[in-house]
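In what follows, a single structure is set out as C-alpha coordinates and then discussed.
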Amino acid sequence: MDQNSENSKYWTDFYSSQSVTPNPSPFAASCLPYIKEGSTLIDVGCGNGRDSSFFARSGINVLSIDQSFPQELFATNCFFLNSDVDNMPNIKCDYIYARFFIHAIPLDKEIKFLSFIKNNCKHFFIEARSDKSKFNGNHYRRFINLEKLKSRLDAQNFNYTIEESKNLAKTDTENPVIIRVYGNVND
(Lines give C-alpha, C1' and ligand atoms only; values in the text may rest on other atoms or scores of the structure.)
Protein backbone atom coordinates (compact mmCIF):
# COMPACT_ATOMS: atom_id res chain seq x y z
CA MET A 1 0.00 0.00 0.00
CA ASP A 2 1.43 3.42 -0.91
CA GLN A 3 1.67 6.38 1.46
CA ASN A 4 -1.40 8.09 -0.04
CA SER A 5 -3.53 4.95 0.41
CA GLU A 6 -2.25 4.42 3.95
CA ASN A 7 -3.02 8.04 4.85
CA SER A 8 -6.49 7.81 3.31
CA LYS A 9 -7.21 4.58 5.24
CA TYR A 10 -6.00 6.17 8.49
CA TRP A 11 -8.39 9.12 8.10
CA THR A 12 -11.33 7.02 6.94
CA ASP A 13 -10.92 4.81 10.02
CA PHE A 14 -10.43 7.85 12.27
CA TYR A 15 -13.52 9.71 11.07
CA SER A 16 -15.65 6.56 11.03
CA SER A 17 -15.05 6.20 14.76
CA GLN A 18 -15.81 9.85 15.61
CA SER A 19 -19.09 11.67 16.03
CA VAL A 20 -19.48 15.05 14.36
CA THR A 21 -19.46 17.89 16.87
CA PRO A 22 -21.81 20.78 16.14
CA ASN A 23 -19.11 23.22 17.25
CA PRO A 24 -16.89 24.78 14.58
CA SER A 25 -13.13 24.83 14.90
CA PRO A 26 -11.67 28.09 16.22
CA PHE A 27 -10.29 28.69 12.71
CA ALA A 28 -13.72 28.42 11.07
CA ALA A 29 -15.12 30.84 13.63
CA SER A 30 -12.29 33.29 12.88
CA CYS A 31 -12.96 33.09 9.12
CA LEU A 32 -16.74 33.55 9.22
CA PRO A 33 -16.68 37.37 9.58
CA TYR A 34 -14.82 37.57 6.23
CA ILE A 35 -17.36 35.43 4.34
CA LYS A 36 -20.49 36.89 2.79
CA GLU A 37 -23.77 35.09 3.36
CA GLY A 38 -25.00 33.43 0.17
CA SER A 39 -21.48 33.09 -1.24
CA THR A 40 -19.83 29.84 -2.32
CA LEU A 41 -17.09 28.09 -0.34
CA ILE A 42 -15.10 24.94 -1.02
CA ASP A 43 -13.89 23.17 2.14
CA VAL A 44 -10.88 21.14 0.96
CA GLY A 45 -9.88 18.29 3.25
CA CYS A 46 -13.18 18.70 5.11
CA GLY A 47 -12.68 15.71 7.40
CA ASN A 48 -15.85 15.00 9.34
CA GLY A 49 -17.56 18.11 7.99
CA ARG A 50 -17.95 20.05 11.20
CA ASP A 51 -16.67 23.30 9.67
CA SER A 52 -18.55 22.68 6.41
CA SER A 53 -21.76 22.28 8.42
CA PHE A 54 -21.01 25.42 10.42
CA PHE A 55 -20.55 27.46 7.24
CA ALA A 56 -23.73 25.98 5.71
CA ARG A 57 -25.73 26.84 8.84
CA SER A 58 -24.37 30.39 8.46
CA GLY A 59 -25.97 30.77 5.02
CA ILE A 60 -22.98 29.86 2.87
CA ASN A 61 -23.20 27.43 -0.08
CA VAL A 62 -20.61 24.74 0.70
CA LEU A 63 -18.91 22.09 -1.40
CA SER A 64 -16.98 19.74 0.92
CA ILE A 65 -14.10 17.76 -0.55
CA ASP A 66 -12.16 14.93 1.06
CA GLN A 67 -10.60 11.72 -0.23
CA SER A 68 -11.07 9.83 3.03
CA PHE A 69 -14.34 10.70 4.69
CA PRO A 70 -17.26 8.38 3.96
CA GLN A 71 -20.09 10.48 2.54
CA GLU A 72 -22.79 8.53 4.41
CA LEU A 73 -21.38 9.87 7.69
CA PHE A 74 -21.31 13.48 6.52
CA ALA A 75 -22.88 15.97 8.89
CA THR A 76 -25.42 18.26 7.17
CA ASN A 77 -26.66 20.12 4.10
CA CYS A 78 -23.45 20.46 2.11
CA PHE A 79 -22.58 19.03 -1.25
CA PHE A 80 -19.85 16.41 -0.88
CA LEU A 81 -17.20 15.36 -3.40
CA ASN A 82 -14.91 12.42 -2.71
CA SER A 83 -11.68 13.53 -4.37
CA ASP A 84 -7.95 13.83 -4.04
CA VAL A 85 -6.25 17.17 -4.74
CA ASP A 86 -4.91 15.67 -7.98
CA ASN A 87 -8.43 15.07 -9.28
CA MET A 88 -10.40 18.07 -8.06
CA PRO A 89 -12.45 19.60 -10.84
CA ASN A 90 -12.02 23.28 -11.61
CA ILE A 91 -14.99 24.77 -9.80
CA LYS A 92 -15.24 28.53 -9.45
CA CYS A 93 -16.11 29.78 -5.98
CA ASP A 94 -15.83 32.82 -3.77
CA TYR A 95 -13.77 31.18 -1.01
CA ILE A 96 -11.55 28.16 -0.43
CA TYR A 97 -11.11 26.95 3.12
CA ALA A 98 -8.38 24.44 4.02
CA ARG A 99 -7.96 23.62 7.69
CA PHE A 100 -5.18 21.16 8.52
CA PHE A 101 -4.92 20.17 4.86
CA ILE A 102 -1.60 21.34 3.42
CA HIS A 103 0.42 19.71 6.20
CA ALA A 104 -1.28 16.41 5.32
CA ILE A 105 -0.11 16.38 1.70
CA PRO A 106 3.32 16.32 0.04
CA LEU A 107 4.88 19.57 -1.20
CA ASP A 108 4.14 18.84 -4.88
CA LYS A 109 0.42 18.50 -4.06
CA GLU A 110 0.51 21.70 -2.00
CA ILE A 111 1.91 23.57 -5.00
CA LYS A 112 -0.85 22.07 -7.17
CA PHE A 113 -3.39 23.13 -4.54
CA LEU A 114 -2.10 26.73 -4.48
CA SER A 115 -2.49 26.81 -8.26
CA PHE A 116 -6.03 25.44 -7.84
CA ILE A 117 -6.75 28.33 -5.46
CA LYS A 118 -5.38 30.89 -7.91
CA ASN A 119 -7.50 29.52 -10.76
CA ASN A 120 -10.77 28.95 -8.91
CA CYS A 121 -11.51 31.49 -6.17
CA LYS A 122 -11.26 35.06 -4.95
CA HIS A 123 -10.40 34.51 -1.27
CA PHE A 124 -8.84 31.70 0.74
CA PHE A 125 -8.13 30.57 4.27
CA ILE A 126 -5.42 28.06 5.23
CA GLU A 127 -4.52 26.65 8.64
CA ALA A 128 -1.59 24.24 9.07
CA ARG A 129 0.84 22.93 11.63
CA SER A 130 4.11 24.83 11.76
CA ASP A 131 7.48 23.14 11.69
CA LYS A 132 7.80 24.53 15.22
CA SER A 133 5.12 22.02 16.33
CA LYS A 134 5.64 18.73 18.02
CA PHE A 135 3.55 15.78 16.94
CA ASN A 136 3.08 12.30 18.29
CA GLY A 137 1.04 10.36 15.81
CA ASN A 138 1.11 7.49 13.41
CA HIS A 139 0.02 9.21 10.21
CA TYR A 140 1.66 11.44 7.63
CA ARG A 141 2.55 15.03 8.58
CA ARG A 142 4.67 17.53 6.68
CA PHE A 143 5.23 20.43 9.01
CA ILE A 144 5.12 23.83 7.30
CA ASN A 145 7.94 26.34 7.46
CA LEU A 146 6.53 29.88 7.63
CA GLU A 147 9.13 31.54 5.40
CA LYS A 148 8.97 28.82 2.75
CA LEU A 149 5.16 28.99 2.72
CA LYS A 150 5.36 32.77 2.29
CA SER A 151 7.65 32.22 -0.72
CA ARG A 152 5.16 29.81 -2.29
CA LEU A 153 2.28 32.24 -1.65
CA ASP A 154 4.32 35.12 -3.10
CA ALA A 155 5.10 33.03 -6.18
CA GLN A 156 1.33 32.88 -6.82
CA ASN A 157 1.09 36.68 -6.36
CA PHE A 158 -1.41 36.30 -3.51
CA ASN A 159 -2.28 39.15 -1.19
CA TYR A 160 -2.44 37.72 2.35
CA THR A 161 -1.95 38.11 6.05
CA ILE A 162 -0.22 35.31 7.90
CA GLU A 163 0.39 34.47 11.54
CA GLU A 164 2.25 31.74 13.38
CA SER A 165 1.41 31.11 17.01
CA LYS A 166 0.37 28.73 19.74
CA ASN A 167 -3.11 28.97 21.27
CA LEU A 168 -4.82 28.91 17.85
CA ALA A 169 -5.79 25.22 17.81
CA LYS A 170 -5.41 24.23 21.44
CA THR A 171 -7.03 20.99 22.60
CA ASP A 172 -7.16 19.16 25.91
CA THR A 173 -4.01 17.25 24.98
CA GLU A 174 -1.89 19.63 22.89
CA ASN A 175 -1.16 23.23 21.96
CA PRO A 176 0.66 23.11 18.61
CA VAL A 177 2.24 26.04 16.81
CA ILE A 178 -0.13 26.86 13.97
CA ILE A 179 0.15 28.93 10.79
CA ARG A 180 -2.96 30.76 9.59
CA VAL A 181 -3.31 32.47 6.23
CA TYR A 182 -6.15 34.80 5.22
CA GLY A 183 -5.70 35.61 1.55
CA ASN A 184 -7.01 37.12 -1.65
CA VAL A 185 -6.30 36.18 -5.22
CA ASN A 186 -5.04 39.12 -7.26
CA ASP A 187 -6.48 39.43 -10.76
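In the C-alpha coordinates, the first chain shown is A, the next is B, and so on; residue numbers restart at 1 for each chain, and ligands run from 1 in the order shown.
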
Exercise for review: Using DSSP on the backbone coordinates, identify the residues of segment 11-179 of chain A assigned to strand (DSSP E); present them as number ranges by chain.
Suggested key: A: 40-44, 61-66, 79-82, 95-99, 123-129, 158-165, 178-179

Exercise for review: Write out as a VMD selection string each polymer residue whose atoms come within 6 Å of segment 89-99 of chain A, counting only C-alpha atoms; drop sequence neighbours fewer than 2 positions from it.
Suggested key: chain A and resid 40 to 44 101 120 to 127

Review point. Which residues, written as an MDAnalysis selection string, have at least one atom at most 12 Å from Phe100 of chain A, with only C-alpha atoms counted and residues fewer than 5 positions away on the same chain left out?
Key: chainID A and resid 25 27:28 43:47 51 66 105 110 125:130 140:144 169 176 178:181

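The space separating atom CA of Gly183 of chain A from atom CA of Ile162 of chain A comes to 8.4 Å.
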
Practice item. Give the alpha helix (DSSP H) residues of segment 17-184 of chain A, as DSSP finds them on the backbone, and put them as a PyMOL selection string. Key: chain A and resi 26-31+50-57+107-120+146-155

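Within the 10 Å cut-off around Leu114 of chain A, using only C-alpha atoms and omitting residues fewer than 2 positions from it on the same chain, the listed residues are Ile102, Lys109, Glu110, Ile111, Lys112, Phe116, Ile117, Lys118, Asn119, Asn120, Phe124, Arg152, Leu153, Ala155, Gln156 and Phe158 of chain A.
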
Would you save the residues of that selection, restricted to N, CA and C atoms, as an mmCIF file, in the first residue's frame?
data_model
loop_
_atom_site.group_PDB
_atom_site.id
_atom_site.type_symbol
_atom_site.label_atom_id
_atom_site.label_comp_id
_atom_site.auth_asym_id
_atom_site.auth_seq_id
_atom_site.Cartn_x
_atom_site.Cartn_y
_atom_site.Cartn_z
ATOM 1 N N ILE A 102 -2.874 21.337 4.136
ATOM 2 C CA ILE A 102 -1.600 21.343 3.416
ATOM 3 C C ILE A 102 -0.504 20.591 4.165
ATOM 4 N N LYS A 109 1.884 18.338 -4.068
ATOM 5 C CA LYS A 109 0.425 18.495 -4.057
ATOM 6 C C LYS A 109 0.023 19.854 -3.481
ATOM 7 N N GLU A 110 0.790 20.359 -2.516
ATOM 8 C CA GLU A 110 0.507 21.700 -1.997
ATOM 9 C C GLU A 110 0.647 22.731 -3.108
ATOM 10 N N ILE A 111 1.698 22.614 -3.893
ATOM 11 C CA ILE A 111 1.910 23.565 -4.998
ATOM 12 C C ILE A 111 0.761 23.479 -6.004
ATOM 13 N N LYS A 112 0.312 22.270 -6.284
ATOM 14 C CA LYS A 112 -0.850 22.073 -7.168
ATOM 15 C C LYS A 112 -2.097 22.719 -6.556
ATOM 16 N N PHE A 116 -4.578 25.629 -7.820
ATOM 17 C CA PHE A 116 -6.033 25.444 -7.838
ATOM 18 C C PHE A 116 -6.720 26.669 -7.229
ATOM 19 N N ILE A 117 -6.204 27.135 -6.094
ATOM 20 C CA ILE A 117 -6.755 28.332 -5.458
ATOM 21 C C ILE A 117 -6.708 29.507 -6.438
ATOM 22 N N LYS A 118 -5.552 29.735 -7.014
ATOM 23 C CA LYS A 118 -5.376 30.887 -7.912
ATOM 24 C C LYS A 118 -6.357 30.849 -9.084
ATOM 25 N N ASN A 119 -6.649 29.669 -9.578
ATOM 26 C CA ASN A 119 -7.499 29.525 -10.759
ATOM 27 C C ASN A 119 -8.986 29.410 -10.465
ATOM 28 N N ASN A 120 -9.366 29.276 -9.177
ATOM 29 C CA ASN A 120 -10.765 28.955 -8.905
ATOM 30 C C ASN A 120 -11.483 29.815 -7.876
ATOM 31 N N PHE A 124 -9.145 33.009 0.180
ATOM 32 C CA PHE A 124 -8.837 31.695 0.739
ATOM 33 C C PHE A 124 -8.361 31.809 2.180
ATOM 34 N N ARG A 152 6.078 30.475 -1.363
ATOM 35 C CA ARG A 152 5.156 29.812 -2.293
ATOM 36 C C ARG A 152 3.903 30.658 -2.529
ATOM 37 N N LEU A 153 3.426 31.341 -1.495
ATOM 38 C CA LEU A 153 2.281 32.242 -1.653
ATOM 39 C C LEU A 153 2.652 33.445 -2.516
ATOM 40 N N ALA A 155 4.920 33.506 -4.802
ATOM 41 C CA ALA A 155 5.096 33.031 -6.183
ATOM 42 C C ALA A 155 3.770 32.999 -6.931
ATOM 43 N N GLN A 156 2.665 32.865 -6.200
ATOM 44 C CA GLN A 156 1.333 32.878 -6.821
ATOM 45 C C GLN A 156 0.769 34.304 -6.897
ATOM 46 N N PHE A 158 -0.279 36.150 -4.410
ATOM 47 C CA PHE A 158 -1.411 36.301 -3.505
ATOM 48 C C PHE A 158 -1.198 37.500 -2.595
#

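With only C-alpha atoms as the atoms that count, the residue of A:Ser39, A:Ser133, A:Ser151, A:Ser64 with the shortest distance to Lys170 of chain A is A:Ser133.
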
Exercise for review: Give me, please, the distance in Å between atom CA of Glu163 of chain A and atom CA of Pro26 of chain A, quoted to one decimal.
Suggested key: 14.4 Å

Exercise for review: Calculate how many Å separate atom CA of Phe54 of chain A from atom CA of Glu164 of chain A, rounding to one decimal.
Suggested key: 24.3 Å
